[in-house]
Structures are given as structure tokens and as C-alpha cells.
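Q: Sharing start-v7.cif, mmCIF, C-alpha atoms:
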data_entry
loop_
_atom_site.label_atom_id
_atom_site.label_comp_id
_atom_site.auth_asym_id
_atom_site.auth_seq_id
_atom_site.Cartn_x
_atom_site.Cartn_y
_atom_site.Cartn_z
CA MET A 9 30.83 -72.98 -12.84
CA ARG A 10 33.38 -70.50 -11.47
CA THR A 11 32.50 -68.06 -8.69
CA GLY A 12 30.86 -64.98 -10.16
CA GLU A 13 30.20 -66.62 -13.51
CA LYS A 14 26.63 -66.30 -14.74
CA ALA A 15 24.81 -69.08 -16.58
CA HIS A 16 24.10 -66.91 -19.60
CA ASP A 17 27.83 -66.02 -19.86
CA ARG A 18 28.65 -69.70 -20.26
CA VAL A 19 25.80 -70.14 -22.79
CA ALA A 20 27.04 -67.15 -24.79
CA MET A 21 30.58 -68.54 -24.90
CA ASP A 22 29.39 -71.99 -25.94
CA GLU A 23 27.26 -70.49 -28.71
CA LEU A 24 30.17 -68.34 -29.91
CA ILE A 25 32.51 -71.33 -30.08
CA SER A 26 29.89 -73.34 -31.96
CA ALA A 27 29.28 -70.47 -34.38
CA LEU A 28 33.00 -70.15 -35.12
CA ASP A 29 33.29 -73.89 -35.68
CA HIS A 30 30.57 -73.70 -38.34
CA ALA A 31 31.47 -70.31 -39.81
CA ALA A 32 32.32 -69.93 -43.47
CA GLU A 33 35.97 -69.27 -44.27
CA ALA A 34 37.66 -67.01 -46.80
CA GLY A 35 41.22 -66.41 -47.94
CA SER A 36 42.90 -64.41 -50.68
CA ALA A 37 40.60 -65.85 -53.36
CA GLY A 38 37.46 -64.69 -51.58
CA LEU A 39 38.34 -61.24 -50.24
CA LEU A 40 40.07 -58.13 -51.51
CA ILE A 41 41.81 -56.26 -48.67
CA ILE A 42 43.83 -53.16 -49.51
CA GLY A 43 44.65 -49.89 -47.76
CA GLY A 44 46.75 -46.74 -47.77
CA GLN A 45 46.75 -43.09 -46.84
CA ILE A 46 46.11 -39.73 -48.48
CA PRO A 47 46.44 -36.10 -47.38
CA ALA A 48 43.38 -34.87 -45.49
CA ASP A 49 42.41 -32.59 -48.34
CA ALA A 50 39.10 -32.27 -50.19
CA LYS A 51 40.66 -32.75 -53.64
CA ASP A 52 42.65 -35.83 -52.58
CA LEU A 53 39.56 -37.31 -50.94
CA ALA A 54 37.49 -36.75 -54.09
CA ARG A 55 40.23 -38.42 -56.18
CA LEU A 56 40.24 -41.43 -53.88
CA LEU A 57 36.46 -41.82 -53.91
CA SER A 58 36.43 -41.65 -57.70
CA CYS A 59 38.43 -44.92 -57.70
CA PHE A 60 35.57 -46.75 -55.99
CA THR A 61 32.77 -46.12 -58.48
CA GLY A 62 30.84 -48.96 -60.05
CA LEU A 63 31.44 -51.26 -57.09
CA GLY A 64 27.93 -51.27 -55.63
CA LEU A 65 28.63 -49.00 -52.65
CA ARG A 66 25.10 -47.76 -51.94
CA TRP A 67 25.41 -46.30 -48.43
CA ALA A 68 27.54 -43.63 -46.79
CA LEU A 69 28.43 -42.65 -43.23
CA TRP A 70 29.92 -39.18 -42.79
CA HIS A 71 31.36 -38.40 -39.36
CA HIS A 72 32.41 -34.80 -38.81
CA THR A 73 33.42 -33.22 -35.52
CA ASP A 74 29.92 -31.79 -35.06
CA SER A 75 27.68 -34.36 -36.75
CA ILE A 76 27.18 -37.86 -38.10
CA GLU A 77 25.06 -38.55 -41.16
CA LEU A 78 24.00 -41.96 -42.48
CA CYS A 79 22.50 -41.79 -45.97
CA ARG A 80 22.11 -43.46 -49.31
CA TYR A 81 25.01 -43.03 -51.70
CA THR A 82 25.29 -42.88 -55.48
CA ASP A 83 28.55 -42.93 -57.44
CA GLY A 84 29.67 -39.38 -58.03
CA ASP A 85 27.89 -37.87 -55.03
CA PRO A 86 29.91 -34.89 -53.75
CA VAL A 87 31.95 -35.10 -50.56
CA THR A 88 29.62 -34.19 -47.70
CA GLY A 89 30.58 -31.38 -45.33
CA ASP A 90 33.92 -29.72 -44.64
CA THR A 91 36.85 -32.10 -45.13
CA ALA A 92 38.79 -30.15 -42.49
CA LEU A 93 36.20 -31.34 -39.93
CA LEU A 94 35.97 -34.91 -41.23
CA GLU A 95 36.90 -37.52 -38.62
CA ARG A 96 35.91 -40.65 -40.51
CA MET A 97 33.69 -41.83 -43.32
CA ARG A 98 32.44 -45.08 -44.77
CA LEU A 99 31.04 -46.16 -48.15
CA PHE A 100 29.58 -49.63 -48.18
CA GLY A 101 27.28 -52.14 -49.82
CA GLY A 102 27.11 -55.68 -51.17
CA GLU A 103 25.00 -57.58 -53.69
CA PRO A 104 23.31 -59.87 -53.23
CA VAL A 105 23.03 -59.28 -49.50
CA PRO A 106 23.62 -62.75 -48.01
CA THR A 107 21.12 -64.46 -45.75
CA ASP A 108 23.87 -66.68 -44.34
CA ASP A 109 27.63 -66.45 -43.81
CA SER A 110 28.43 -66.34 -47.52
CA LEU A 111 30.17 -63.45 -49.26
CA PRO A 112 28.44 -61.10 -51.72
CA GLU A 113 29.46 -61.28 -55.35
CA THR A 114 30.04 -57.53 -55.61
CA GLY A 115 30.47 -54.55 -53.33
CA GLY A 116 32.69 -53.76 -50.40
CA ASP A 117 33.40 -51.49 -47.45
CA LEU A 118 35.66 -48.44 -47.77
CA GLU A 119 36.55 -46.88 -44.42
CA LEU A 120 38.61 -43.75 -43.77
CA ARG A 121 39.84 -42.40 -40.42
CA ARG A 122 41.68 -39.17 -39.74
CA ASP A 123 45.20 -39.37 -38.36
CA GLY A 124 46.41 -35.80 -38.00
CA GLU A 125 46.92 -34.39 -41.48
CA LEU A 126 46.33 -37.78 -43.10
CA LEU A 127 43.29 -39.88 -43.92
CA ARG A 128 44.11 -43.57 -43.55
CA TRP A 129 41.84 -45.84 -45.57
CA ARG A 130 41.15 -49.52 -46.04
CA PHE A 131 38.86 -51.41 -48.38
CA VAL A 132 37.43 -54.88 -47.82
CA GLY A 133 35.29 -56.37 -50.54
CA ALA A 134 34.66 -58.80 -53.32
CA PRO A 135 37.66 -59.56 -55.57
CA ALA A 136 35.48 -58.73 -58.58
CA ALA A 137 35.00 -55.20 -57.21
CA THR A 138 38.62 -54.20 -57.54
CA PRO A 139 39.63 -50.52 -57.72
CA ARG A 140 43.30 -51.37 -58.38
CA SER A 141 43.47 -50.02 -61.93
CA ALA A 142 41.74 -46.77 -60.98
CA LEU A 143 44.14 -46.29 -58.05
CA ALA A 144 47.11 -46.89 -60.33
CA ASP A 145 45.76 -44.45 -62.95
CA ARG A 146 45.49 -41.74 -60.29
CA LYS A 147 48.87 -42.64 -58.79
CA ILE A 148 47.38 -43.38 -55.37
CA ALA A 149 49.66 -45.77 -53.49
CA TYR A 150 48.22 -48.68 -51.55
CA GLN A 151 49.23 -51.96 -49.95
CA ASP A 152 47.66 -55.35 -50.48
CA PHE A 153 47.03 -57.33 -47.30
CA TRP A 154 47.58 -60.65 -49.06
CA ALA A 155 51.05 -59.68 -50.23
CA HIS A 156 52.13 -59.79 -46.58
CA HIS A 157 49.79 -62.53 -45.31
CA PRO A 158 49.21 -64.91 -48.24
CA ASP A 159 48.16 -67.87 -46.10
CA GLU A 160 45.76 -66.07 -43.76
CA THR A 161 42.24 -67.47 -43.41
CA PHE A 162 39.29 -65.60 -41.91
CA GLN A 163 35.99 -66.79 -40.47
CA ILE A 164 32.93 -65.04 -41.92
CA ARG A 165 29.79 -64.45 -39.84
CA ARG A 166 26.75 -62.47 -40.96
CA GLN A 167 25.50 -60.17 -38.21
CA THR A 168 22.80 -57.55 -37.67
CA GLN A 169 22.84 -54.72 -35.15
CA LEU A 170 20.03 -52.38 -34.17
CA LEU A 171 20.49 -48.63 -34.45
CA TRP A 172 19.30 -46.29 -31.74
CA GLY A 173 15.78 -44.99 -31.69
CA GLU A 174 12.18 -45.76 -32.62
CA GLN A 175 10.41 -44.03 -35.45
CA LYS A 176 8.88 -40.63 -34.84
CA LYS A 177 6.35 -41.24 -37.65
CA ARG A 178 7.27 -38.37 -39.90
CA ARG A 179 9.72 -37.77 -42.70
CA ASN A 180 12.41 -35.12 -42.74
CA THR A 181 11.22 -33.59 -46.03
CA GLU A 182 10.71 -30.28 -44.25
CA ALA A 183 12.68 -28.25 -41.74
CA PRO A 184 12.65 -29.64 -38.18
CA ASP A 185 10.21 -28.34 -35.61
CA GLN A 186 11.20 -25.30 -33.53
CA ASN A 187 11.75 -27.55 -30.51
CA GLU A 188 14.04 -29.95 -32.35
CA SER A 189 17.77 -29.52 -32.34
CA ALA A 190 19.25 -29.34 -35.83
CA ASP A 191 22.85 -28.70 -34.73
CA ILE A 192 24.01 -31.34 -32.30
CA SER A 193 27.43 -31.82 -30.76
CA VAL A 194 27.89 -35.53 -30.13
CA PRO A 195 30.34 -36.16 -27.24
CA ASN A 196 31.15 -39.73 -28.23
CA PRO A 197 29.58 -40.77 -31.53
CA GLU A 198 31.33 -44.13 -31.74
CA PHE A 199 29.69 -47.52 -31.42
CA LEU A 200 28.39 -48.15 -27.93
CA GLU A 201 28.38 -51.69 -26.57
CA VAL A 202 25.72 -52.46 -23.99
CA GLU A 203 25.40 -55.36 -21.61
CA PRO A 204 24.27 -58.67 -23.15
CA ASP A 205 20.64 -59.64 -22.91
CA PRO A 206 20.45 -62.66 -20.59
CA ASN A 207 17.57 -64.04 -22.65
CA THR A 208 19.44 -64.01 -25.95
CA ALA A 209 23.05 -63.95 -24.77
CA GLU A 210 23.73 -61.42 -27.52
CA LYS A 211 25.38 -58.05 -27.30
CA SER A 212 23.95 -55.04 -29.06
CA VAL A 213 26.16 -52.53 -30.82
CA GLN A 214 24.37 -49.29 -31.50
CA GLN A 215 25.25 -46.21 -33.47
CA VAL A 216 24.13 -42.65 -32.94
CA VAL A 217 23.46 -41.04 -36.30
CA VAL A 218 22.80 -37.30 -36.23
CA ASN A 219 21.71 -35.33 -39.27
CA THR A 220 22.43 -31.62 -38.97
CA ALA A 221 21.63 -30.62 -42.56
CA ALA A 222 18.12 -29.28 -41.92
CA THR A 223 16.46 -27.91 -45.05
CA SER A 224 13.10 -26.53 -46.07
CA GLN A 225 13.57 -27.75 -49.65
CA PRO A 226 12.07 -31.05 -50.89
CA VAL A 227 14.40 -33.98 -50.40
CA PRO A 228 14.99 -36.43 -53.32
CA ASN A 229 13.53 -39.89 -52.77
CA SER A 230 17.02 -41.43 -52.66
CA GLN A 231 17.99 -39.14 -49.78
CA ARG A 232 14.80 -39.21 -47.71
CA ARG A 233 15.29 -40.47 -44.20
CA VAL A 234 12.91 -41.40 -41.43
CA THR A 235 13.26 -39.60 -38.10
CA PHE A 236 13.70 -41.72 -34.97
CA VAL A 237 13.85 -40.71 -31.33
CA ASP A 238 15.64 -42.14 -28.33
CA PRO A 239 15.59 -40.60 -24.82
CA ARG A 240 19.22 -41.63 -24.29
CA VAL A 241 20.40 -39.01 -26.78
CA GLY A 242 18.03 -36.22 -25.80
CA GLY A 243 17.17 -33.88 -28.65
CA ALA A 244 19.39 -35.55 -31.23
CA CYS A 245 17.66 -36.02 -34.57
CA LEU A 246 18.27 -39.64 -35.60
CA ASN A 247 17.65 -39.94 -39.33
CA TYR A 248 17.95 -43.27 -41.11
CA PRO A 249 17.38 -44.04 -44.81
CA VAL A 250 14.69 -46.70 -44.34
CA ASP A 251 11.00 -47.16 -45.21
CA ASP A 252 8.44 -44.72 -43.82
CA ASP A 253 6.62 -47.32 -41.75
CA ALA A 254 9.68 -49.05 -40.23
CA ASP A 255 9.59 -49.45 -36.45
CA ARG A 256 13.38 -49.37 -36.16
CA ALA A 257 16.51 -49.57 -38.32
CA GLU A 258 19.43 -51.99 -38.38
CA ILE A 259 22.75 -52.54 -40.12
CA VAL A 260 23.57 -55.87 -41.75
CA TYR A 261 27.29 -56.63 -41.86
CA LEU A 262 29.88 -59.39 -42.11
CA ASP A 263 32.15 -59.99 -39.15
CA ILE A 264 35.49 -61.08 -40.61
CA ALA A 265 37.41 -62.71 -37.79
CA ASP A 266 40.89 -64.14 -37.28
CA ALA A 267 40.70 -67.12 -34.89
CA GLY A 268 37.52 -65.66 -33.43
CA ILE A 269 38.93 -62.12 -33.00
CA PRO A 270 37.25 -59.51 -35.24
CA ALA A 271 39.70 -58.24 -37.84
CA PHE A 272 37.41 -56.40 -40.28
CA ASN A 273 33.75 -55.52 -40.66
CA TRP A 274 32.11 -55.35 -44.06
CA TRP A 275 28.91 -53.32 -43.75
CA LEU A 276 26.33 -54.45 -46.29
CA GLU A 277 23.14 -52.41 -45.92
CA VAL A 278 20.87 -50.36 -43.70
CA ARG A 279 17.35 -51.72 -43.54
CA ARG A 280 14.11 -51.66 -41.56
CA HIS A 281 13.65 -53.72 -38.42
CA ASP A 282 10.06 -54.34 -37.36
CA CYS A 283 9.41 -55.15 -33.72
#
Please lay out the structure from this file as C-alpha cells.

A:
Amino acid sequence: MRTGEKAHDRVAMDELISALDHAAEAGSAGLLIIGGQIPADAKDLARLLSCFTGLGLRWALWHHTDSIELCRYTDGDPVTGDTALLERMRLFGGEPVPTDDSLPETGGDLELRRDGELLRWRFVGAPAATPRSALADRKIAYQDFWAHHPDETFQIRRQTQLLWGEQKKRRNTEAPDQNESADISVPNPEFLEVEPDPNTAEKSVQQVVVNTAATSQPVPNSQRRVTFVDPRVGGACLNYPVDDDADRAEIVYLDIADAGIPAFNWWLEVRRHDC
């Protein structure tokens, strides 16, 4: 063992190598990978999203400059918030959700990120869930990954990651308490990677999700979210679309790697995690 190297570091590396050796693989026949760009305009965004209906995308992440919201999604739902403040967004899902490293039969992961006056997007999903014809009908240009890399092969690993916070034991069907903050500015709402647990040799990637749309009106069942708290984010209201009695929440996703280096993530679902 080299100087400064910890035993659990070596164990983690050995486990990673073993996992990659036994990981499922996928090429052009197993994955659809396309991407492009559109103007950062509300109408253009709505046109793009209309191409991805009927694909089994059941969850949405909306990241604006002043908030992040993770919620259930239904085809045709309106664009959330002001597009001028949109930094990134994600629509995702997959059926059936795999219990191993296999790929779902339907669904996918549409991700958009702002780049100045453009929104750059990419979609990773099941070949059966193709939006190609809808994109062509709406004259939205895109590129196909496999046209440039026809022989590429990826390793597929199913992963789960905990989200911040433990349940506060109440639903957000009413306006927040006077002492709660309903308008949060998140300084760095990206994924945060923490040190690996020496007992499990696993890293945890956690996501702050802040809901700023406080309302006194009843919330539809599909949009109800459970409030969680975490002292590391102070008064932030962490709302996740999971069961009322869930201890915590987690994201299930597929890590799509090229020679062990993550190339894409396909988020599959948000679900309860009981401690």
C-alpha cells in the first residue's frame, strides 16, 4: 500500500473495477442518444418539449436562478417558471424501472442547460421512445450520437443516490409556516459530492431541491410533495414527490460509462428511502 493510501480507498477501487468488469453493455441498438440546441425562448422550449410526449417521462427538475423544483410530470404540463431565469431542466423516467443493470423498455432522460441565449439539450433513452419524427415535423435540428460514433460501447450500472433531508412529517398542501422561507436563493444548487463512507466505500451525491411556489390552494395528488429538512441548508424547504410516510428520498438512475468514465446519466425515478 502506498504512503497516504487508506485501506478503504483500495477496497473502493477494487470494487469499482469488479463492477465494471461485470457491468451490462449497450451500443447503438440499446440506446438512443441525440442532442441539439434551441433559442432560450418560452415558445421554442414548449415546442421542444412537445416532441417528447408519450415517452414515459414522469418526473421533472426545474432549475431557475432563484429556485429548484423536483416534481411529478405529465405530458402537456406547462413550462414551469420564467424561461428567462431558467438555468437547466430535466424530464426523465423509465419503465419498467430495472432492479439490475438492464435498460428500461421505454422512457428516457431529456436534459437542457443554458448557454447564453441558447438552451443546449440532449436525450438519452430507449430506442423505442424515439422523438425523431416529432422533431422533424417541428423542424427542430438535432444530431445523432451514433452517426459519429457507430462502434462505441457503454457500460451500464444502476445506481441510487440519497437526496438531502429527513421528512418533516407534514405535506405542503397549505402555505408554509411564518417561520419557513418560501423564497430561497441557492448559492450552488448543483450536485454535491461528499467524502466516501469508509464502511461502505461509496460516495454520496446529493441534490438540494427547493420549492418556492408556496400556495394556500389545495395541491393535486400528482403534485403533492413531502417536506424534508436538513440543517446544512438552513431554512430551505426541501420538497420531494414521495409517499407521506417516507423517511428520506432517493433518485434511481443509470450510470452510462465509457471505459469506466461517466458519459451520461439516465435518471429513472424519485422514490422513498426508508432508514

Q: Between A:Trp172, A:Trp70, A:Phe131, A:Trp275, which has the minimum distance to Pro86 (chain A) (counting only C-alpha atoms)?

A: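 Looking only at the distances to Pro86 (chain A), the closest residue turns out to be A:Trp70.
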
Q: List the residues matched by the PyMOL selection byres ((chain A and resi 38) around 8) in the displayed structure as a ChimeraX atom specification, ordered by chain and then by residue number.

A: /A:34-37,39-40,111,134-135

Q: What does the distance between CA of Gly102 (chain A) and CA of Phe272 (chain A) come to in Å, to one decimal place?

A: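 Here the two named atoms are 15.0 Å from each other.
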
Q: Return the single residue from A:Phe60, A:Gly44, A:Leu69, A:Leu99 that is closest to Asp152 (chain A), with distances computed using all atoms listed in the file.

A: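 That would be A:Gly44, the residue with the smallest distance to Asp152 (chain A).
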
Q: What is the distance between CA of Leu93 (chain A) and CA of Leu118 (chain A), in Å to one decimal?

A: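 Computing the Euclidean distance for CA of Leu93 (chain A) and CA of Leu118 (chain A) yields 18.8 Å.
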
Q: Work out how far apart CA of Arg122 (chain A) and CA of Leu57 (chain A) are and give it in Å to one decimal.

A: 15.3 Å

Q: Draw an axis-aligned box over all listed atoms of region 43-60 of chain A, pad each side with 4 Å, and write its centre and edge lengths in Å, one decimal, as AutoDock Vina command-line options.

A:
--center_x 41.2 --center_y -41.1 --center_z -51.6 --size_x 19.2 --size_y 25.6 --size_z 20.2

Q: Using the chain letters and numbers from the file, which residues does the PyMOL selection byres ((chain A and resi 84) around 12) grab, as an MDAnalysis selection string?

A: chainID A and resid 54:62 65:66 81:83 85:88

Q: Would you save the residues of that selection, restricted to C-alpha atoms, as a JSON list (two decimals), in the coordinates of the input?

A:
[["chain", "number", "residue", "atom", "x", "y", "z"],
["A", 54, "ALA", "CA", 37.49, -36.75, -54.09],
["A", 55, "ARG", "CA", 40.23, -38.42, -56.18],
["A", 56, "LEU", "CA", 40.24, -41.43, -53.88],
["A", 57, "LEU", "CA", 36.46, -41.82, -53.91],
["A", 58, "SER", "CA", 36.43, -41.65, -57.70],
["A", 59, "CYS", "CA", 38.43, -44.92, -57.70],
["A", 60, "PHE", "CA", 35.57, -46.75, -55.99],
["A", 61, "THR", "CA", 32.77, -46.12, -58.48],
["A", 62, "GLY", "CA", 30.84, -48.96, -60.05],
["A", 65, "LEU", "CA", 28.63, -49.00, -52.65],
["A", 66, "ARG", "CA", 25.10, -47.76, -51.94],
["A", 81, "TYR", "CA", 25.01, -43.03, -51.70],
["A", 82, "THR", "CA", 25.29, -42.88, -55.48],
["A", 83, "ASP", "CA", 28.55, -42.93, -57.44],
["A", 85, "ASP", "CA", 27.89, -37.87, -55.03],
["A", 86, "PRO", "CA", 29.91, -34.89, -53.75],
["A", 87, "VAL", "CA", 31.95, -35.10, -50.56],
["A", 88, "THR", "CA", 29.62, -34.19, -47.70]]

Q: If you apply the PyMOL selection byres ((chain A and resi 121) around 12) to this file, what residues do you get, as a ChimeraX atom specification?

A: /A:43-48,53,69-72,91,93-98,118-120,122-130

Q: Name the residues within 10 Å of (9.9, -41.1, -29.4), counting only C-alpha atoms in the file's coordinates, and put them as a list of chain:residue names.

A: A:Gly173, A:Glu174, A:Gln175, A:Lys176, A:Lys177, A:Thr235, A:Phe236, A:Val237, A:Asp238, A:Pro239

Q: Counting only C-alpha atoms, which residues in region 61-168 of chain A sit no more than 7 Å from region 251-261 of chain A? For each one, give the nearest pair of atoms and the distance in Å, sorted by chain then residue number, as a Markdown table.

A:
| residue | atom | partner | partner_atom | distance |
| --- | --- | --- | --- | --- |
| A:Arg166 | CA | A:Tyr261 | CA | 5.9 |
| A:Gln167 | CA | A:Tyr261 | CA | 5.4 |
| A:Thr168 | CA | A:Val260 | CA | 4.5 |
